[in-house]
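K.L.:
Submitted below is the structure of interest, expressed as structure tokens.
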Amino acid sequence: MSQIYDRVALIGLGLIASSMFWAMKRKGLAGEVTGFARSSDTRDIAREIGLCDRVCDSITEAVEGADLVVLCVPVGVMGAVAAEIAGALKPGATVTDVGSVKGDVIAQVAPHLPDKVHFVPGHPLAGTEHSGPRSGFAELFDNRWCLLVPVAGTDPQATARLRTLWEGLGSYVDEMDAEHHDLVLAVTSHAPHLIAYTMVGVADDLGRVTDSEVIQYSAAGFRDFTRIAASDPTMWRDVFLSNKDATLEILGRFTEELFALQRAIRQGDGDHLHAYFTRTRAIRRGIIEAGQDTDAPNFGRGGERHK
């Protein structure tokens, strides 16, 4: 695959940005990649490990002349970052993001962007519990989905070009409107994260079960909760505050289902429990058949690359 953009600017140099850089270099998808992070420590680490062709000490320097600007910052600060870079964007440039909420990001970012700049919000459905510039690797997006949410009036060519980039990074790509995206993600990601945080918090609060027992005897269920609950706290705080309506709707439904299961357990209703677990088991089979996980022991995660 050949070069898609002459210059790409990555704003925020964490897991997603660093993985995008290594994946772009793997296939030669960008001529020059500039980078900026608010923290000088992060910029120093990026320079040390060769992350980005040029790490800039100012955000405007990073975006000047860029054909594509990727906002890889927590969703809560997207608007402020957009306001900062607006005057330095070149006409015809595309701005995208990697936030896991889209409605709020569009509301924050779109008003700041000049008329001659294309805005194509995006969300790669990929990640690990690790964060920071050292955490990225080129294979992160391979066979994972990236959702694009072009705003009304976006040039279809700008969207098509960004789609080509994500496909080059290894992703499957789909398009969705913002409201639907936020509901889907509340089901598949946001509410499960909140439930995981809660369960780990419950274990921490339960004085009759010691920390050492929780750590030593963690079966896969709790262990997977702790992996999710180790995710970046700033990012997830912003996700819940930004996707409030959809998350609350799903949590409301979750609470109702939980009460129904509590009732079935209390009343000894094995038929209800068996029917429910049979239905939910089929979802797991669908995820494996779609190639989005493996049925290997321990989900095959023992061989995954972690840094």
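Identifiers in the structure tokens: chain A, B, ... in order shown; residue index from 1 per chain; ligand index from 1 in order shown.
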Please report, as a Markdown table, each residue of stretch 144-187 of chain A lying at most 7 Å from stretch 111-132 of chain A, together with the nearest pair of atoms and the separation in Å rounded to one decimal; use only C-alpha atoms, and order rows by chain and ascending residue number.
P.N.:
```
| residue | atom | partner | partner_atom | distance |
| --- | --- | --- | --- | --- |
| A:Arg144 | CA | A:Ala126 | CA | 6.3 |
| A:Trp145 | CA | A:Leu125 | CA | 5.4 |
| A:Cys146 | CA | A:Pro124 | CA | 4.0 |
| A:Leu147 | CA | A:His123 | CA | 5.1 |
| A:Leu148 | CA | A:Gly122 | CA | 4.3 |
| A:Val149 | CA | A:Pro121 | CA | 5.2 |
| A:Pro150 | CA | A:Val120 | CA | 4.5 |
| A:Val151 | CA | A:Val120 | CA | 6.5 |
| A:Thr154 | CA | A:His118 | CA | 6.2 |
| A:Asp155 | CA | A:His118 | CA | 6.9 |
| A:Ala158 | CA | A:His118 | CA | 6.7 |
| A:Thr159 | CA | A:Val120 | CA | 6.3 |
```
K.L.:
For the residues selected in the previous step, produce a file with all heavy atoms as an mmCIF file, in the first residue's frame.
P.N.:
```cif
data_model
loop_
_atom_site.group_PDB
_atom_site.id
_atom_site.type_symbol
_atom_site.label_atom_id
_atom_site.label_comp_id
_atom_site.auth_asym_id
_atom_site.auth_seq_id
_atom_site.Cartn_x
_atom_site.Cartn_y
_atom_site.Cartn_z
ATOM 1 N N ARG A 144 -9.350 -5.413 13.683
ATOM 2 C CA ARG A 144 -10.278 -4.754 14.597
ATOM 3 C C ARG A 144 -11.088 -3.734 13.782
ATOM 4 O O ARG A 144 -10.684 -3.324 12.711
ATOM 5 C CB ARG A 144 -9.499 -4.044 15.719
ATOM 6 C CG ARG A 144 -8.776 -5.028 16.644
ATOM 7 C CD ARG A 144 -9.768 -5.738 17.551
ATOM 8 N NE ARG A 144 -9.174 -6.800 18.349
ATOM 9 C CZ ARG A 144 -9.294 -8.097 18.094
ATOM 10 N NH1 ARG A 144 -9.956 -8.507 17.020
ATOM 11 N NH2 ARG A 144 -8.767 -9.002 18.899
ATOM 12 N N TRP A 145 -12.198 -3.297 14.331
ATOM 13 C CA TRP A 145 -13.052 -2.352 13.625
ATOM 14 C C TRP A 145 -12.677 -0.913 13.957
ATOM 15 O O TRP A 145 -12.281 -0.610 15.081
ATOM 16 C CB TRP A 145 -14.519 -2.583 14.002
ATOM 17 C CG TRP A 145 -15.080 -3.779 13.312
ATOM 18 C CD1 TRP A 145 -15.090 -5.070 13.769
ATOM 19 C CD2 TRP A 145 -15.674 -3.809 12.012
ATOM 20 N NE1 TRP A 145 -15.664 -5.894 12.835
ATOM 21 C CE2 TRP A 145 -16.034 -5.156 11.747
ATOM 22 C CE3 TRP A 145 -15.936 -2.841 11.044
ATOM 23 C CZ2 TRP A 145 -16.643 -5.554 10.556
ATOM 24 C CZ3 TRP A 145 -16.552 -3.237 9.856
ATOM 25 C CH2 TRP A 145 -16.895 -4.574 9.620
ATOM 26 N N CYS A 146 -12.814 -0.046 12.970
ATOM 27 C CA CYS A 146 -12.752 1.393 13.197
ATOM 28 C C CYS A 146 -14.046 1.985 12.652
ATOM 29 O O CYS A 146 -14.417 1.713 11.503
ATOM 30 C CB CYS A 146 -11.545 2.009 12.480
ATOM 31 S SG CYS A 146 -11.449 3.800 12.732
ATOM 32 N N LEU A 147 -14.741 2.755 13.479
ATOM 33 C CA LEU A 147 -16.006 3.370 13.064
ATOM 34 C C LEU A 147 -15.770 4.833 12.710
ATOM 35 O O LEU A 147 -15.166 5.569 13.493
ATOM 36 C CB LEU A 147 -17.033 3.258 14.194
ATOM 37 C CG LEU A 147 -17.336 1.825 14.643
ATOM 38 C CD1 LEU A 147 -18.291 1.824 15.831
ATOM 39 C CD2 LEU A 147 -17.913 0.995 13.503
ATOM 40 N N LEU A 148 -16.209 5.227 11.535
ATOM 41 C CA LEU A 148 -16.119 6.630 11.105
ATOM 42 C C LEU A 148 -17.506 7.247 11.187
ATOM 43 O O LEU A 148 -18.506 6.612 10.844
ATOM 44 C CB LEU A 148 -15.568 6.724 9.678
ATOM 45 C CG LEU A 148 -14.143 6.200 9.460
ATOM 46 C CD1 LEU A 148 -13.719 6.398 8.009
ATOM 47 C CD2 LEU A 148 -13.147 6.865 10.402
ATOM 48 N N VAL A 149 -17.536 8.497 11.647
ATOM 49 C CA VAL A 149 -18.814 9.193 11.855
ATOM 50 C C VAL A 149 -18.735 10.566 11.177
ATOM 51 O O VAL A 149 -18.604 11.595 11.847
ATOM 52 C CB VAL A 149 -19.099 9.335 13.374
ATOM 53 C CG1 VAL A 149 -20.466 9.966 13.615
ATOM 54 C CG2 VAL A 149 -19.028 7.980 14.065
ATOM 55 N N PRO A 150 -18.773 10.578 9.820
ATOM 56 C CA PRO A 150 -18.640 11.873 9.141
ATOM 57 C C PRO A 150 -19.802 12.800 9.485
ATOM 58 O O PRO A 150 -20.947 12.355 9.574
ATOM 59 C CB PRO A 150 -18.649 11.511 7.654
ATOM 60 C CG PRO A 150 -18.998 10.067 7.553
ATOM 61 C CD PRO A 150 -18.939 9.450 8.914
ATOM 62 N N VAL A 151 -19.509 14.079 9.712
ATOM 63 C CA VAL A 151 -20.570 15.035 10.037
ATOM 64 C C VAL A 151 -21.269 15.470 8.755
ATOM 65 O O VAL A 151 -20.738 15.295 7.646
ATOM 66 C CB VAL A 151 -20.010 16.264 10.804
ATOM 67 C CG1 VAL A 151 -19.429 15.838 12.143
ATOM 68 C CG2 VAL A 151 -18.959 16.997 9.991
ATOM 69 N N THR A 154 -19.797 16.686 5.069
ATOM 70 C CA THR A 154 -18.390 16.316 4.892
ATOM 71 C C THR A 154 -18.143 15.854 3.466
ATOM 72 O O THR A 154 -18.954 15.124 2.898
ATOM 73 C CB THR A 154 -17.996 15.172 5.867
ATOM 74 O OG1 THR A 154 -18.194 15.618 7.189
ATOM 75 C CG2 THR A 154 -16.549 14.762 5.692
ATOM 76 N N ASP A 155 -17.026 16.256 2.897
ATOM 77 C CA ASP A 155 -16.626 15.822 1.559
ATOM 78 C C ASP A 155 -16.417 14.302 1.575
ATOM 79 O O ASP A 155 -15.569 13.805 2.328
ATOM 80 C CB ASP A 155 -15.316 16.539 1.181
ATOM 81 C CG ASP A 155 -14.811 16.137 -0.193
ATOM 82 O OD1 ASP A 155 -15.437 15.278 -0.841
ATOM 83 O OD2 ASP A 155 -13.768 16.685 -0.611
ATOM 84 N N ALA A 158 -12.842 13.055 1.467
ATOM 85 C CA ALA A 158 -12.062 13.122 2.712
ATOM 86 C C ALA A 158 -12.331 11.889 3.565
ATOM 87 O O ALA A 158 -11.413 11.307 4.155
ATOM 88 C CB ALA A 158 -12.407 14.392 3.490
ATOM 89 N N THR A 159 -13.605 11.462 3.617
ATOM 90 C CA THR A 159 -13.967 10.264 4.366
ATOM 91 C C THR A 159 -13.342 9.026 3.737
ATOM 92 O O THR A 159 -12.791 8.160 4.437
ATOM 93 C CB THR A 159 -15.507 10.105 4.429
ATOM 94 O OG1 THR A 159 -16.060 11.304 4.973
ATOM 95 C CG2 THR A 159 -15.919 8.918 5.271
#
```
K.L.:
Quick one: residues within 8 Å of stretch 70-83 of chain A, only C-alpha atoms, excluding same-chain residues fewer than 6 positions away - as a VMD selection string?
P.N.:
chain A and resid 8 to 14 16 to 17 95 to 101 105 108 to 109 112 to 113 234 to 235 238 to 239 242
K.L.:
May I have the selected residues written with N, CA and C atoms, as an mmCIF file, in the first residue's frame?
P.N.:
```
data_model
loop_
_atom_site.group_PDB
_atom_site.id
_atom_site.type_symbol
_atom_site.label_atom_id
_atom_site.label_comp_id
_atom_site.auth_asym_id
_atom_site.auth_seq_id
_atom_site.Cartn_x
_atom_site.Cartn_y
_atom_site.Cartn_z
ATOM 1 N N VAL A 8 1.079 13.754 8.585
ATOM 2 C CA VAL A 8 0.052 13.455 9.594
ATOM 3 C C VAL A 8 0.534 14.000 10.929
ATOM 4 N N ALA A 9 -0.355 14.680 11.655
ATOM 5 C CA ALA A 9 -0.030 15.185 12.996
ATOM 6 C C ALA A 9 -0.818 14.394 14.032
ATOM 7 N N LEU A 10 -0.103 13.851 15.015
ATOM 8 C CA LEU A 10 -0.741 13.124 16.113
ATOM 9 C C LEU A 10 -0.706 14.005 17.358
ATOM 10 N N ILE A 11 -1.885 14.349 17.873
ATOM 11 C CA ILE A 11 -1.980 15.218 19.053
ATOM 12 C C ILE A 11 -2.370 14.357 20.249
ATOM 13 N N GLY A 12 -1.443 14.242 21.208
ATOM 14 C CA GLY A 12 -1.599 13.273 22.293
ATOM 15 C C GLY A 12 -0.844 12.020 21.888
ATOM 16 N N LEU A 13 0.110 11.582 22.701
ATOM 17 C CA LEU A 13 0.997 10.489 22.276
ATOM 18 C C LEU A 13 0.889 9.292 23.232
ATOM 19 N N GLY A 14 -0.317 8.741 23.329
ATOM 20 C CA GLY A 14 -0.543 7.573 24.167
ATOM 21 C C GLY A 14 -0.616 6.300 23.338
ATOM 22 N N ILE A 16 -3.019 4.813 21.495
ATOM 23 C CA ILE A 16 -3.581 4.818 20.144
ATOM 24 C C ILE A 16 -2.666 5.557 19.174
ATOM 25 N N ALA A 17 -2.190 6.748 19.566
ATOM 26 C CA ALA A 17 -1.321 7.524 18.685
ATOM 27 C C ALA A 17 -0.031 6.772 18.385
ATOM 28 N N VAL A 95 -9.459 16.766 9.847
ATOM 29 C CA VAL A 95 -9.298 16.557 11.288
ATOM 30 C C VAL A 95 -10.134 15.337 11.666
ATOM 31 N N THR A 96 -9.518 14.426 12.416
ATOM 32 C CA THR A 96 -10.259 13.273 12.924
ATOM 33 C C THR A 96 -9.889 13.090 14.393
ATOM 34 N N ASP A 97 -10.522 12.124 15.044
ATOM 35 C CA ASP A 97 -10.200 11.850 16.444
ATOM 36 C C ASP A 97 -10.317 10.354 16.670
ATOM 37 N N VAL A 98 -9.966 9.909 17.876
ATOM 38 C CA VAL A 98 -10.052 8.488 18.190
ATOM 39 C C VAL A 98 -10.873 8.253 19.458
ATOM 40 N N GLY A 99 -11.685 9.241 19.843
ATOM 41 C CA GLY A 99 -12.458 9.159 21.082
ATOM 42 C C GLY A 99 -13.567 8.128 21.006
ATOM 43 N N SER A 100 -13.930 7.541 22.154
ATOM 44 C CA SER A 100 -14.948 6.488 22.132
ATOM 45 C C SER A 100 -16.358 7.035 22.322
ATOM 46 N N VAL A 101 -16.492 8.369 22.327
ATOM 47 C CA VAL A 101 -17.806 9.019 22.310
ATOM 48 C C VAL A 101 -17.807 9.938 21.093
ATOM 49 N N VAL A 105 -18.133 14.807 21.255
ATOM 50 C CA VAL A 105 -16.913 15.279 20.579
ATOM 51 C C VAL A 105 -17.271 16.175 19.391
ATOM 52 N N GLN A 108 -18.331 19.516 20.626
ATOM 53 C CA GLN A 108 -17.200 20.293 21.135
ATOM 54 C C GLN A 108 -16.289 20.818 20.040
ATOM 55 N N VAL A 109 -16.001 19.962 19.051
ATOM 56 C CA VAL A 109 -14.932 20.252 18.082
ATOM 57 C C VAL A 109 -15.429 21.027 16.872
ATOM 58 N N HIS A 112 -15.309 24.926 16.226
ATOM 59 C CA HIS A 112 -14.011 25.608 16.168
ATOM 60 C C HIS A 112 -13.312 25.482 14.817
ATOM 61 N N LEU A 113 -13.732 24.507 14.003
ATOM 62 C CA LEU A 113 -12.960 24.224 12.792
ATOM 63 C C LEU A 113 -13.326 25.170 11.652
ATOM 64 N N THR A 234 -8.464 8.879 33.555
ATOM 65 C CA THR A 234 -8.884 10.172 32.975
ATOM 66 C C THR A 234 -9.777 9.933 31.765
ATOM 67 N N MET A 235 -9.339 9.032 30.895
ATOM 68 C CA MET A 235 -10.106 8.734 29.686
ATOM 69 C C MET A 235 -11.506 8.249 30.047
ATOM 70 N N ASP A 238 -13.961 10.833 31.510
ATOM 71 C CA ASP A 238 -14.496 11.685 30.444
ATOM 72 C C ASP A 238 -15.528 10.956 29.588
ATOM 73 N N VAL A 239 -15.291 9.663 29.344
ATOM 74 C CA VAL A 239 -16.237 8.885 28.534
ATOM 75 C C VAL A 239 -17.620 8.880 29.193
ATOM 76 N N SER A 242 -19.284 12.242 29.088
ATOM 77 C CA SER A 242 -19.599 12.678 27.718
ATOM 78 C C SER A 242 -20.716 11.848 27.081
#
```
K.L.:
If you count only C-alpha atoms, which residues fall within 12 Å of A:Asp44, apart from same-chain ones fewer than 3 positions away, as a count of residues only?
P.N.:
20
K.L.:
With only C-alpha atoms as the basis for distance, which of A:Gly168, A:Arg7, A:Ala93, A:Gly31 is at the shortest distance from A:Ala62?
P.N.:
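For A:Ala62, the nearest of the candidates is A:Arg7.
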K.L.:
Would you pick out the contacts of stretch 250-266 of chain A at 7 Å or less, using only C-alpha atoms, so that residues sharing its chain but fewer than 4 positions from it are not included, and give the list as an MDAnalysis selection string?
P.N.:
chainID A and resid 186:187 191 246 272:273
K.L.:
From a DSSP calculation on the backbone, collect every residue of stretch 72-139 of chain A in alpha helix (DSSP H) and output the set as a list in words.
P.N.:
Met78, Gly79, Ala80, Val81, Ala82, Ala83, Glu84, Ile85, Gly103, Asp104, Val105, Ile106, Ala107, Gln108 and Val109 of chain A
K.L.:
Taking the DSSP secondary structure from the backbone, can you list the residues of stretch 91-258 of chain A that are strand (DSSP E or B), as an mmCIF file with N, CA, C and O atoms, in the first residue's frame?
P.N.:
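The resulting result.cif:
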```cif
data_model
loop_
_atom_site.group_PDB
_atom_site.id
_atom_site.type_symbol
_atom_site.label_atom_id
_atom_site.label_comp_id
_atom_site.auth_asym_id
_atom_site.auth_seq_id
_atom_site.Cartn_x
_atom_site.Cartn_y
_atom_site.Cartn_z
ATOM 1 N N THR A 94 -7.787 17.410 6.835
ATOM 2 C CA THR A 94 -8.823 16.635 7.516
ATOM 3 C C THR A 94 -8.469 16.542 8.992
ATOM 4 O O THR A 94 -7.314 16.287 9.339
ATOM 5 N N VAL A 95 -9.459 16.766 9.847
ATOM 6 C CA VAL A 95 -9.298 16.557 11.288
ATOM 7 C C VAL A 95 -10.134 15.337 11.666
ATOM 8 O O VAL A 95 -11.296 15.218 11.254
ATOM 9 N N THR A 96 -9.518 14.426 12.416
ATOM 10 C CA THR A 96 -10.259 13.273 12.924
ATOM 11 C C THR A 96 -9.889 13.090 14.393
ATOM 12 O O THR A 96 -9.074 13.836 14.932
ATOM 13 N N ASP A 97 -10.522 12.124 15.044
ATOM 14 C CA ASP A 97 -10.200 11.850 16.444
ATOM 15 C C ASP A 97 -10.317 10.354 16.670
ATOM 16 O O ASP A 97 -10.718 9.614 15.765
ATOM 17 N N HIS A 118 -11.925 19.608 6.635
ATOM 18 C CA HIS A 118 -12.868 18.486 6.710
ATOM 19 C C HIS A 118 -12.809 17.862 8.105
ATOM 20 O O HIS A 118 -11.728 17.684 8.652
ATOM 21 N N PHE A 119 -13.970 17.510 8.638
ATOM 22 C CA PHE A 119 -14.024 16.891 9.965
ATOM 23 C C PHE A 119 -14.665 15.515 9.825
ATOM 24 O O PHE A 119 -15.832 15.398 9.448
ATOM 25 N N GLY A 122 -13.708 9.715 14.233
ATOM 26 C CA GLY A 122 -13.474 8.277 14.127
ATOM 27 C C GLY A 122 -13.302 7.641 15.485
ATOM 28 O O GLY A 122 -13.108 8.315 16.495
ATOM 29 N N HIS A 123 -13.374 6.307 15.494
ATOM 30 C CA HIS A 123 -13.181 5.573 16.753
ATOM 31 C C HIS A 123 -12.670 4.173 16.450
ATOM 32 O O HIS A 123 -13.435 3.292 16.061
ATOM 33 N N PRO A 124 -11.367 3.938 16.628
ATOM 34 C CA PRO A 124 -10.846 2.578 16.496
ATOM 35 C C PRO A 124 -11.236 1.739 17.721
ATOM 36 O O PRO A 124 -10.976 2.143 18.847
ATOM 37 N N TRP A 145 -12.198 -3.297 14.331
ATOM 38 C CA TRP A 145 -13.052 -2.352 13.625
ATOM 39 C C TRP A 145 -12.677 -0.913 13.957
ATOM 40 O O TRP A 145 -12.281 -0.610 15.081
ATOM 41 N N CYS A 146 -12.814 -0.046 12.970
ATOM 42 C CA CYS A 146 -12.752 1.393 13.197
ATOM 43 C C CYS A 146 -14.046 1.985 12.652
ATOM 44 O O CYS A 146 -14.417 1.713 11.503
ATOM 45 N N LEU A 147 -14.741 2.755 13.479
ATOM 46 C CA LEU A 147 -16.006 3.370 13.064
ATOM 47 C C LEU A 147 -15.770 4.833 12.710
ATOM 48 O O LEU A 147 -15.166 5.569 13.493
ATOM 49 N N LEU A 148 -16.209 5.227 11.535
ATOM 50 C CA LEU A 148 -16.119 6.630 11.105
ATOM 51 C C LEU A 148 -17.506 7.247 11.187
ATOM 52 O O LEU A 148 -18.506 6.612 10.844
ATOM 53 N N TYR A 172 -10.887 -3.141 9.894
ATOM 54 C CA TYR A 172 -12.129 -3.120 9.126
ATOM 55 C C TYR A 172 -12.764 -1.759 9.417
ATOM 56 O O TYR A 172 -12.638 -1.252 10.530
ATOM 57 N N VAL A 173 -13.458 -1.188 8.430
ATOM 58 C CA VAL A 173 -14.016 0.154 8.638
ATOM 59 C C VAL A 173 -15.516 0.145 8.349
ATOM 60 O O VAL A 173 -15.971 -0.465 7.373
ATOM 61 N N ASP A 174 -16.276 0.827 9.201
ATOM 62 C CA ASP A 174 -17.706 0.996 8.973
ATOM 63 C C ASP A 174 -18.061 2.445 9.274
ATOM 64 O O ASP A 174 -17.293 3.153 9.946
ATOM 65 N N GLU A 175 -19.199 2.904 8.747
ATOM 66 C CA GLU A 175 -19.671 4.262 9.028
ATOM 67 C C GLU A 175 -20.974 4.190 9.812
ATOM 68 O O GLU A 175 -21.769 3.271 9.632
#
```
K.L.:
When you draw a straight line from atom CA of A:Ala107 to atom CA of A:Ile59, how long is it in Å?
P.N.:
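Pair atom CA of A:Ala107 / atom CA of A:Ile59 returns 21.4 Å.
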K.L.:
Write out as number ranges by chain which residues come within 9 Å of stretch 192-198 of chain A when counting only C-alpha atoms, dropping same-chain ones fewer than 6 positions away.
P.N.:
A: 186, 222, 224-231, 236, 240, 251
K.L.:
Between atom CA of A:Arg161 and atom CA of A:Gln3, what is the distance, to one decimal in Å?
P.N.:
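Separation between atom CA of A:Arg161 and atom CA of A:Gln3: 10.9 Å.
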